[in-house]
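Text of query.txt (compact mmCIF, C-alpha atoms) as supplied:
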```
# COMPACT_ATOMS: atom_id res chain seq x y z
CA MET A 1 6.27 5.34 -29.82
CA SER A 2 6.49 2.32 -27.47
CA LEU A 3 10.29 2.65 -27.17
CA MET A 4 11.16 4.56 -24.02
CA ALA A 5 14.94 4.36 -23.86
CA LEU A 6 18.04 2.94 -25.50
CA THR A 7 21.34 2.49 -23.68
CA LEU A 8 24.72 2.55 -25.40
CA SER A 9 28.21 1.74 -24.20
CA LEU A 10 31.48 3.26 -25.37
CA HIS A 11 34.48 1.05 -25.98
CA GLU A 12 37.63 2.27 -27.71
CA ALA A 13 35.75 5.25 -29.15
CA THR A 14 33.10 2.96 -30.66
CA LEU A 15 29.42 2.98 -29.68
CA HIS A 16 27.68 -0.30 -28.91
CA PRO A 17 23.87 -0.50 -28.50
CA LEU A 18 22.80 -2.36 -25.38
CA THR A 19 19.30 -2.49 -23.93
CA ALA A 20 16.16 -1.16 -25.59
CA ILE A 21 13.47 -0.42 -23.02
CA GLN A 22 9.81 -0.46 -24.00
CA TYR A 23 7.08 1.42 -22.15
CA LYS A 24 5.29 -1.08 -19.92
CA ASN A 25 2.06 0.75 -20.70
CA VAL A 26 1.92 3.52 -23.29
CA HIS A 27 -1.15 4.90 -21.51
CA HIS A 28 0.80 5.45 -18.28
CA SER A 29 2.64 8.69 -17.67
CA PHE A 30 6.37 9.21 -18.12
CA ARG A 31 6.91 9.12 -14.35
CA ASP A 32 5.06 5.80 -14.07
CA ASN A 33 7.56 4.19 -16.43
CA LEU A 34 10.79 5.66 -15.05
CA SER A 35 11.22 2.73 -12.66
CA LEU A 36 11.94 0.54 -15.71
CA LEU A 37 15.42 2.07 -15.77
CA ASP A 38 16.28 1.07 -12.20
CA ASP A 39 17.44 -2.42 -13.16
CA ILE A 40 19.35 -1.19 -16.22
CA LEU A 41 21.52 1.46 -14.61
CA SER A 42 24.44 0.64 -12.34
CA SER A 43 26.17 3.04 -9.95
CA ALA A 44 29.52 1.60 -11.06
CA ARG A 45 29.14 1.78 -14.85
CA SER A 46 28.95 4.72 -17.26
CA LEU A 47 26.42 4.68 -20.09
CA TYR A 48 24.79 6.82 -22.71
CA VAL A 49 21.00 6.83 -22.33
CA LEU A 50 18.69 8.05 -25.08
CA LEU A 51 15.44 8.72 -23.25
CA ARG A 52 12.09 9.58 -24.81
CA ARG A 53 9.75 11.86 -22.87
CA SER A 54 6.50 12.51 -24.73
CA ASP A 55 7.63 13.72 -28.16
CA SER A 56 11.10 14.76 -27.00
CA VAL A 57 14.32 12.75 -26.83
CA PHE A 58 17.09 13.50 -24.35
CA ALA A 59 20.74 12.45 -24.73
CA ILE A 60 21.96 11.59 -21.24
CA THR A 61 25.59 10.98 -20.35
CA PHE A 62 25.45 8.88 -17.19
CA VAL A 63 28.79 9.00 -15.34
CA PRO A 64 28.26 7.72 -11.76
CA TYR A 65 30.78 8.53 -9.06
CA GLN A 66 31.76 4.88 -8.58
CA ALA A 67 32.62 4.30 -12.24
CA PRO A 68 36.36 4.29 -13.13
CA GLN A 69 37.72 7.80 -13.63
CA ASP A 70 39.14 7.12 -17.09
CA GLU A 71 35.81 5.63 -18.17
CA ARG A 72 33.90 8.68 -16.98
CA GLU A 73 36.28 11.03 -18.76
CA ALA A 74 35.90 9.10 -22.03
CA TYR A 75 32.11 9.30 -21.90
CA LEU A 76 32.26 13.02 -21.15
CA ARG A 77 34.79 13.58 -23.95
CA TYR A 78 32.62 11.93 -26.61
CA ARG A 79 29.19 13.15 -25.51
CA ARG A 80 29.25 15.92 -28.15
CA ASP A 81 30.21 13.43 -30.85
CA LEU A 82 27.33 11.15 -29.86
CA VAL A 83 24.77 13.88 -30.48
CA LYS A 84 26.38 15.00 -33.73
CA LEU A 85 26.63 11.43 -34.99
CA LEU A 86 22.96 10.65 -34.33
CA GLY A 87 21.72 14.06 -35.47
CA GLU A 88 21.30 17.10 -33.26
CA GLU A 89 17.91 17.83 -34.78
CA TYR A 90 16.44 14.72 -33.13
CA PHE A 91 17.19 15.77 -29.56
CA GLU A 92 15.49 18.15 -27.19
CA ALA A 93 18.54 18.49 -24.96
CA SER A 94 21.76 16.90 -23.79
CA LEU A 95 22.60 16.51 -20.11
CA ILE A 96 24.92 14.83 -17.62
CA CYS A 97 23.73 12.70 -14.69
CA LYS A 98 25.86 11.25 -11.90
CA GLU A 99 23.26 9.39 -9.86
CA ILE A 100 20.62 6.88 -10.92
CA GLY A 101 17.94 8.95 -9.23
CA GLU A 102 18.80 11.95 -11.38
CA ILE A 103 17.39 9.92 -14.28
CA THR A 104 14.74 7.72 -12.64
CA ASP A 105 13.29 10.13 -10.07
CA ALA A 106 10.41 12.25 -11.38
CA ARG A 107 11.38 15.02 -8.95
CA SER A 108 14.63 15.55 -10.87
CA TRP A 109 12.71 16.05 -14.12
CA ALA A 110 10.31 18.43 -12.40
CA GLU A 111 13.28 20.47 -11.19
CA ARG A 112 14.69 20.65 -14.71
CA GLU A 113 11.36 21.89 -16.04
CA GLN A 114 11.18 24.53 -13.32
CA HIS A 115 14.78 25.56 -13.99
CA ARG A 116 14.01 26.07 -17.67
CA ARG A 117 10.78 27.94 -16.97
CA GLU A 118 12.62 30.35 -14.73
CA GLY A 119 14.95 31.17 -17.59
CA ALA A 120 18.09 29.73 -16.04
CA ASP A 121 21.27 29.42 -18.04
CA LEU A 122 20.63 26.40 -20.27
CA ASP A 123 24.22 26.15 -21.42
CA ARG A 124 25.70 25.66 -17.96
CA ILE A 125 28.45 23.07 -18.20
CA ASP A 126 29.68 21.18 -15.17
CA ALA A 127 33.29 21.84 -14.21
CA CYS A 128 34.18 18.19 -14.76
CA ASP A 129 33.22 18.61 -18.41
CA ARG A 130 34.72 22.01 -19.15
CA SER A 131 38.12 20.52 -19.94
CA HIS A 132 36.52 18.71 -22.89
CA GLU A 133 34.62 21.75 -24.21
CA GLU A 134 35.87 22.95 -27.59
CA ASN A 135 32.95 23.86 -29.79
CA SER A 136 29.37 24.80 -28.98
CA VAL A 137 26.51 22.60 -30.14
CA GLU A 138 23.16 23.51 -31.61
CA ILE A 139 20.92 21.63 -29.19
CA VAL A 140 20.22 22.79 -25.66
CA ASP A 141 23.00 21.61 -23.36
CA LEU A 142 21.82 21.33 -19.78
CA GLY A 143 25.20 20.06 -18.63
CA TYR A 144 25.16 18.88 -15.02
CA LYS A 145 23.06 20.29 -12.23
CA ARG A 146 22.72 18.39 -8.99
CA SER A 147 19.16 17.78 -7.88
CA LYS A 148 17.99 19.83 -4.90
CA CYS A 149 15.79 17.02 -3.61
CA ARG A 150 17.27 14.34 -1.37
CA LEU A 151 17.76 11.36 -3.64
CA CYS A 152 18.91 9.24 -0.71
CA ASP A 153 15.35 8.00 -0.31
CA ARG A 154 15.55 6.58 -3.84
CA ARG A 155 19.03 5.14 -3.32
CA MET A 156 17.88 3.41 -0.13
CA LYS A 157 14.46 2.33 -1.35
CA ASN A 158 13.40 -1.30 -1.09
CA LYS A 159 12.10 -3.17 -4.09
CA ILE A 160 8.34 -3.52 -4.31
CA THR A 161 6.16 -6.25 -5.83
CA ASP A 162 3.94 -5.60 -8.83
CA GLU A 163 0.90 -6.46 -6.69
CA ALA A 164 1.79 -3.80 -4.14
CA LEU A 165 2.39 -1.19 -6.85
CA ALA A 166 -0.96 -1.99 -8.46
CA ALA A 167 -2.68 -1.64 -5.09
CA LEU A 168 -1.16 1.82 -4.54
CA ASN A 169 -3.01 2.97 -7.65
CA LYS A 170 -6.35 2.05 -6.06
CA LEU A 171 -6.64 4.48 -3.17
CA ASN A 172 -9.10 6.90 -4.70
CA ASP A 173 -12.36 6.16 -2.87
CA ASN A 174 -13.28 6.71 0.74
CA GLY A 175 -12.64 3.55 2.75
CA ASP A 176 -9.93 2.18 0.44
CA LEU A 177 -7.17 0.51 2.43
CA VAL A 178 -3.83 -0.97 1.35
CA GLN A 179 -1.44 -2.64 3.75
CA ILE A 180 2.21 -3.37 2.90
CA SER A 181 5.14 -4.83 4.82
CA LEU A 182 8.67 -6.09 4.21
CA ASN A 183 8.89 -9.77 3.38
CA PRO A 184 11.90 -11.93 4.38
CA ASP A 185 13.72 -10.80 1.22
CA LEU A 186 13.25 -7.14 2.29
CA VAL A 187 10.86 -6.54 -0.59
CA LEU A 188 7.77 -4.41 0.01
CA ALA A 189 4.89 -6.84 -0.46
CA LEU A 190 1.11 -6.52 -0.34
CA ASP A 191 -0.48 -7.88 2.84
CA LEU A 192 -4.01 -6.61 2.43
CA GLN A 193 -6.17 -4.64 0.02
CA THR A 194 -9.77 -3.92 0.84
CA THR A 195 -12.47 -1.29 0.38
CA SER A 196 -15.28 0.40 2.30
CA VAL A 197 -13.44 0.29 5.63
CA ARG A 198 -14.91 2.61 8.26
CA PRO A 199 -12.43 4.78 10.22
CA GLN A 200 -13.29 3.04 13.47
CA ASP A 201 -12.50 -0.34 11.91
CA VAL A 202 -9.02 0.45 10.57
CA SER A 203 -7.30 -0.54 13.83
CA SER A 204 -8.75 -4.05 13.60
CA HIS A 205 -6.70 -4.58 10.43
CA LEU A 206 -3.38 -3.82 12.13
CA PRO A 207 -1.48 -7.03 13.05
CA VAL A 208 0.30 -7.10 16.39
CA THR A 209 3.04 -9.54 15.37
CA HIS A 210 5.04 -7.47 12.87
CA PRO A 211 5.34 -3.87 11.58
CA THR A 212 3.10 -2.75 8.74
CA PHE A 213 2.47 0.26 6.53
CA THR A 214 -1.21 1.01 6.01
CA LEU A 215 -2.47 3.61 3.54
CA TYR A 216 -6.07 4.57 4.18
CA ARG A 217 -8.41 6.96 2.37
CA HIS A 218 -10.49 8.55 5.12
CA SER A 219 -14.03 9.86 4.69
CA ASN A 220 -12.54 13.35 5.17
CA LYS A 221 -10.76 12.78 1.81
CA ARG A 222 -7.30 12.73 3.41
CA LEU A 223 -4.89 9.89 2.70
CA TYR A 224 -3.28 8.61 5.90
CA PHE A 225 -0.04 6.65 6.07
CA ILE A 226 -0.03 4.58 9.25
CA PHE A 227 3.21 3.01 10.39
CA HIS A 228 2.26 0.46 13.01
CA SER A 229 5.37 -0.78 14.82
CA PRO A 230 4.22 -3.06 17.66
CA ASP A 231 6.44 -3.55 20.69
CA SER A 232 6.19 -7.31 20.15
CA ALA A 233 8.15 -7.01 16.88
CA THR A 234 11.90 -7.52 16.98
CA VAL A 235 14.21 -4.53 16.99
CA HIS A 236 15.55 -5.72 13.66
CA GLN A 237 12.06 -5.69 12.13
CA ARG A 238 11.26 -2.26 13.47
CA MET A 239 14.54 -0.75 12.24
CA ARG A 240 14.22 -2.20 8.76
CA HIS A 241 10.64 -1.01 8.40
CA THR A 242 11.55 2.46 9.66
CA MET A 243 14.29 2.73 7.04
CA ALA A 244 11.84 1.63 4.32
CA ILE A 245 9.41 4.51 4.93
CA PRO A 246 11.09 7.26 2.82
CA GLY A 247 11.43 4.98 -0.20
CA LEU A 248 7.83 3.81 0.03
CA VAL A 249 6.25 7.23 0.59
CA ASN A 250 8.59 9.52 -1.35
CA VAL A 251 9.43 7.20 -4.23
CA HIS A 252 7.09 4.25 -4.86
CA ALA A 253 3.88 6.00 -3.80
CA ASP A 254 4.89 9.30 -5.36
CA ASP A 255 5.79 7.55 -8.63
CA CYS A 256 2.21 6.22 -8.66
CA GLY A 257 0.83 9.70 -8.14
CA VAL A 258 -0.16 8.88 -4.55
CA HIS A 259 0.44 11.78 -2.16
CA VAL A 260 0.20 11.21 1.57
CA ASP A 261 -1.60 13.92 3.55
CA GLN A 262 -0.70 12.72 7.02
CA LYS A 263 1.79 10.27 8.49
CA ILE A 264 1.06 8.51 11.75
CA GLU A 265 3.28 6.27 13.83
CA ILE A 266 1.75 4.11 16.53
CA HIS A 267 2.83 1.10 18.59
CA GLU A 268 -0.57 -0.34 19.49
CA PRO A 269 -3.72 -0.56 17.32
CA GLU A 270 -5.86 1.09 20.00
CA ASP A 271 -3.64 4.21 19.81
CA LEU A 272 -4.85 5.02 16.30
CA GLU A 273 -6.70 8.35 16.16
CA PHE A 274 -7.88 10.34 13.16
CA GLN A 275 -8.15 14.05 13.84
CA GLU A 276 -9.08 16.05 10.78
CA GLY A 277 -7.03 19.19 10.30
CA ASP A 278 -4.58 18.42 13.08
CA GLU A 279 -0.95 18.08 11.99
CA LYS A 280 -0.19 15.82 14.92
CA VAL A 281 -2.32 12.69 14.79
CA GLY A 282 -2.30 9.91 17.34
CA ARG A 283 -0.14 9.70 20.43
CA PHE A 284 3.21 9.20 18.76
CA ARG A 285 5.41 10.92 16.20
CA SER A 286 3.71 12.29 13.12
CA MET A 287 5.06 14.28 10.17
CA TYR A 288 3.10 16.45 7.77
CA LEU A 289 4.00 15.78 4.13
CA ARG A 290 1.72 17.97 2.03
CA GLY A 291 3.03 21.10 0.37
CA GLY A 292 6.25 21.85 -1.48
CA TRP A 293 9.44 20.45 -0.04
CA GLN A 294 8.16 20.08 3.49
CA GLY A 295 8.96 16.85 5.28
CA THR A 296 12.18 15.52 6.72
CA GLU A 297 12.68 13.10 3.82
CA SER A 298 12.68 15.98 1.34
CA GLN A 299 14.76 18.70 2.98
CA TYR A 300 16.76 19.09 6.13
CA ASP A 301 18.93 21.54 8.02
CA GLY A 302 22.38 21.93 6.51
CA GLN A 303 21.28 20.68 3.09
CA GLU A 304 23.06 23.46 1.19
CA ARG A 305 26.28 22.75 3.06
CA ASP A 306 26.05 19.06 2.18
CA LEU A 307 25.31 19.89 -1.45
CA GLU A 308 28.51 21.92 -1.66
CA PHE A 309 30.44 18.97 -0.23
CA TYR A 310 28.93 16.39 -2.60
CA ASN A 311 29.34 18.63 -5.62
CA ALA A 312 33.07 18.74 -4.89
CA VAL A 313 33.28 14.93 -5.06
CA HIS A 314 34.21 13.48 -8.44
```
Show me, as C-alpha cells, the structure contained in the file I just sent.
Amino acid sequence: MSLMALTLSLHEATLHPLTAIQYKNVHHSFRDNLSLLDDILSSARSLYVLLRRSDSVFAITFVPYQAPQDEREAYLRYRRDLVKLLGEEYFEASLICKEIGEITDARSWAEREQHRREGADLDRIDACDRSHEENSVEIVDLGYKRSKCRLCDRRMKNKITDEALAALNKLNDNGDLVQISLNPDLVLALDLQTTSVRPQDVSSHLPVTHPTFTLYRHSNKRLYFIFHSPDSATVHQRMRHTMAIPGLVNVHADDCGVHVDQKIEIHEPEDLEFQEGDEKVGRFRSMYLRGGWQGTESQYDGQERDLEFYNAVH
C-alpha cells in the first residue's frame, strides 16, 4: 500500500510505464502526499496517472493545455482502452484533468467528493472528449469538470524547503511561532521556529531588513499570519514576497492542515496589534480567511465569467 501513483506515457498506441511514486509517509494523509506529484507532472506533457487514494484507484488522463493538440487527442482517444486493458474492476473512477493543480490540489478532490455527494451527473463527459465517445464503460466516468477554486495560487506558488514544511506542522500550542521568508533562489525557507512566545514579544522577532511571513498561535487560540514588509526592504523584495502569500497560505499551509484565522500586514514591528474577534487587525490591510470560500485568493468578482472563458480554451 506504499505505492501512491504510477505514470504512463502513450507512444504509437503503446503504453510505457514511467515513474512510480511512493508515499513519503504512509501515516500521513492523502493531501499531505499530493505534493509528491508536483515534480512529476509537466504543463506541456500529457500523461496517464494511476492514483491511489485510500483503498481506491483513479485513472486520470492528464492533458494540459500546453501539450501538443495531437498528443492530447491521442490520450483522450485511448483513455477507455487504458481502463479496459488494466481491468475496470480495479478502478473507482476515470477522469480528465487539464491543470496540475486539478490533481495535486486537495481542494479539487474535495470538490469532486462534494459533487458526488450532491448526486451530480457522474457520467458527464467534457466536450473535448465527446468526439471519441463510442461505448459506455462500467466504471464511474467523471469526465472533465473545471475546479471552482482559483488554482492560480498553486500555479504561482514558490517551492518550500522540507524544514519549513515540517515547521508548519508544529503550530498547535499557544506561543508557537514559525517565521519564513524567500531566500535568494525564491524558495520559501525557515528563518525561525520557537515556542512559548508571549503576544507582546512577537514584534521583537520581526526583522527590519527584509520581508517575512510569521505564523503565530496566540493565547486566544487563533492562528495569525503576519506579513511584515518593512519600508527598508527593496521594492523587488516586497513585490516577490507579496506574490508568494497565496501559495504559502492557500497551498503549502493548507496542505499541512494549517488554517489561518487572521492575516495581518504591517510595515513596522511596533504596528503589530492583536485584537481578538476583530476582522481588521493592526493599522494596515488585513483579510479574513476563515469560512468557506471567503478570501480574495479563493474567489473574486467575475469568477464565473472567467471560468466560461477558460473552459472555452483548448
> Which residue gives the smallest distance to Ser203 in chain A among A:Pro17, A:Gly87, A:Pro269, A:Gly101, with all atoms listed in the file counted?
Replying inline: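 Among the listed residues, the smallest separation from Ser203 in chain A belongs to A:Pro269.
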I'd like the box whose edges run along x, y and z of the file and which contains every listed atom of range 172-191 of chain A, padded by 4 Å per side; could you state its centre and edge lengths in Å, one decimal, as lines of an AutoDock Vina configuration file?
```
center_x = 0.2
center_y = -2.5
center_z = 0.1
size_x = 35.0
size_y = 26.8
size_z = 17.5
```
> Mind pulling up the distance from CA of Arg146 in chain A to CA of Cys97 in chain A?
Replying inline: 8.1 Å
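Across A:Ala67, A:Glu111, A:Tyr48, A:His267, the tightest approach to Leu82 in chain A is made by A:Tyr48 when counting all atoms listed in the file.
Nearest-residue note for Ile40 in chain A: choosing from A:Thr195, A:Gln237, A:Thr19, A:Gln200, the minimum distance belongs to A:Thr19, counting only C-alpha atoms.
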>> I'd like to know which of A:Asp70, A:Glu12, A:Asp81, A:Asp141 is closest to Ala93 in chain A, using all atoms listed in the file.
In response: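 Residue with the minimum atom-to-atom distance to Ala93 in chain A: A:Asp141.
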>> One number please: CA of Pro64 in chain A to CA of Ile103 in chain A, in Å, one decimal.
In response: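 Between CA of Pro64 in chain A and CA of Ile103 in chain A the gap is 11.4 Å.
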> Restricting the calculation to all atoms listed in the file, which member of A:Ala110, A:Ile226, A:Met239, A:Ala253 is positioned closest to Phe274 in chain A?
Replying inline: A:Ile226
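Proximity of A:Leu76, A:Val258, A:Met243, A:Leu188 to Leu215 in chain A, computed with all atoms listed in the file, is greatest for A:Val258.
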> CA of Arg52 in chain A and CA of Ser35 in chain A are how many Å apart?
Replying inline: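 Interatomic distance here is 14.0 Å.
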Take range 45-62 of chain A, model N, CA, C and O atoms, and hand the result over as a short mmCIF file (atom, residue, chain, number, x, y, z; two decimals), keeping the file's coordinate frame.
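See selection.cif below for the written result:
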```cif
data_model
loop_
_atom_site.label_atom_id
_atom_site.label_comp_id
_atom_site.auth_asym_id
_atom_site.auth_seq_id
_atom_site.Cartn_x
_atom_site.Cartn_y
_atom_site.Cartn_z
N ARG A 45 28.91 1.91 -13.42
CA ARG A 45 29.14 1.78 -14.85
C ARG A 45 28.58 2.98 -15.60
O ARG A 45 27.42 3.34 -15.43
N SER A 46 29.40 3.59 -16.44
CA SER A 46 28.95 4.72 -17.26
C SER A 46 28.18 4.21 -18.47
O SER A 46 28.43 3.11 -18.97
N LEU A 47 27.23 5.04 -18.93
CA LEU A 47 26.42 4.68 -20.09
C LEU A 47 25.95 5.96 -20.77
O LEU A 47 25.88 7.02 -20.16
N TYR A 48 25.59 5.82 -22.04
CA TYR A 48 24.79 6.82 -22.71
C TYR A 48 23.35 6.31 -22.69
O TYR A 48 23.09 5.13 -22.97
N VAL A 49 22.41 7.20 -22.37
CA VAL A 49 21.00 6.83 -22.33
C VAL A 49 20.23 7.79 -23.22
O VAL A 49 20.26 9.01 -23.02
N LEU A 50 19.58 7.26 -24.23
CA LEU A 50 18.69 8.05 -25.08
C LEU A 50 17.29 7.83 -24.55
O LEU A 50 16.74 6.74 -24.65
N LEU A 51 16.71 8.86 -23.97
CA LEU A 51 15.44 8.72 -23.25
C LEU A 51 14.35 9.56 -23.90
O LEU A 51 14.52 10.76 -24.13
N ARG A 52 13.23 8.89 -24.20
CA ARG A 52 12.09 9.58 -24.81
C ARG A 52 11.12 10.03 -23.73
O ARG A 52 10.70 9.26 -22.87
N ARG A 53 10.76 11.31 -23.76
CA ARG A 53 9.75 11.86 -22.87
C ARG A 53 8.72 12.59 -23.71
O ARG A 53 9.02 13.62 -24.30
N SER A 54 7.53 12.01 -23.82
CA SER A 54 6.50 12.51 -24.73
C SER A 54 7.06 12.50 -26.15
O SER A 54 7.48 11.47 -26.63
N ASP A 55 7.11 13.65 -26.79
CA ASP A 55 7.63 13.72 -28.16
C ASP A 55 9.07 14.18 -28.21
O ASP A 55 9.60 14.46 -29.30
N SER A 56 9.72 14.28 -27.06
CA SER A 56 11.10 14.76 -27.00
C SER A 56 12.06 13.64 -26.63
O SER A 56 11.69 12.72 -25.90
N VAL A 57 13.28 13.73 -27.14
CA VAL A 57 14.32 12.75 -26.83
C VAL A 57 15.49 13.47 -26.18
O VAL A 57 15.94 14.52 -26.68
N PHE A 58 15.98 12.92 -25.08
CA PHE A 58 17.09 13.50 -24.35
C PHE A 58 18.31 12.58 -24.46
O PHE A 58 18.19 11.36 -24.33
N ALA A 59 19.47 13.18 -24.70
CA ALA A 59 20.74 12.45 -24.73
C ALA A 59 21.41 12.61 -23.37
O ALA A 59 21.88 13.70 -23.03
N ILE A 60 21.44 11.53 -22.60
CA ILE A 60 21.96 11.59 -21.24
C ILE A 60 23.31 10.89 -21.17
O ILE A 60 23.45 9.75 -21.61
N THR A 61 24.29 11.58 -20.63
CA THR A 61 25.59 10.98 -20.35
C THR A 61 25.60 10.63 -18.87
O THR A 61 25.65 11.52 -18.02
N PHE A 62 25.52 9.34 -18.57
CA PHE A 62 25.45 8.88 -17.19
C PHE A 62 26.84 8.47 -16.74
O PHE A 62 27.41 7.48 -17.22
#
```
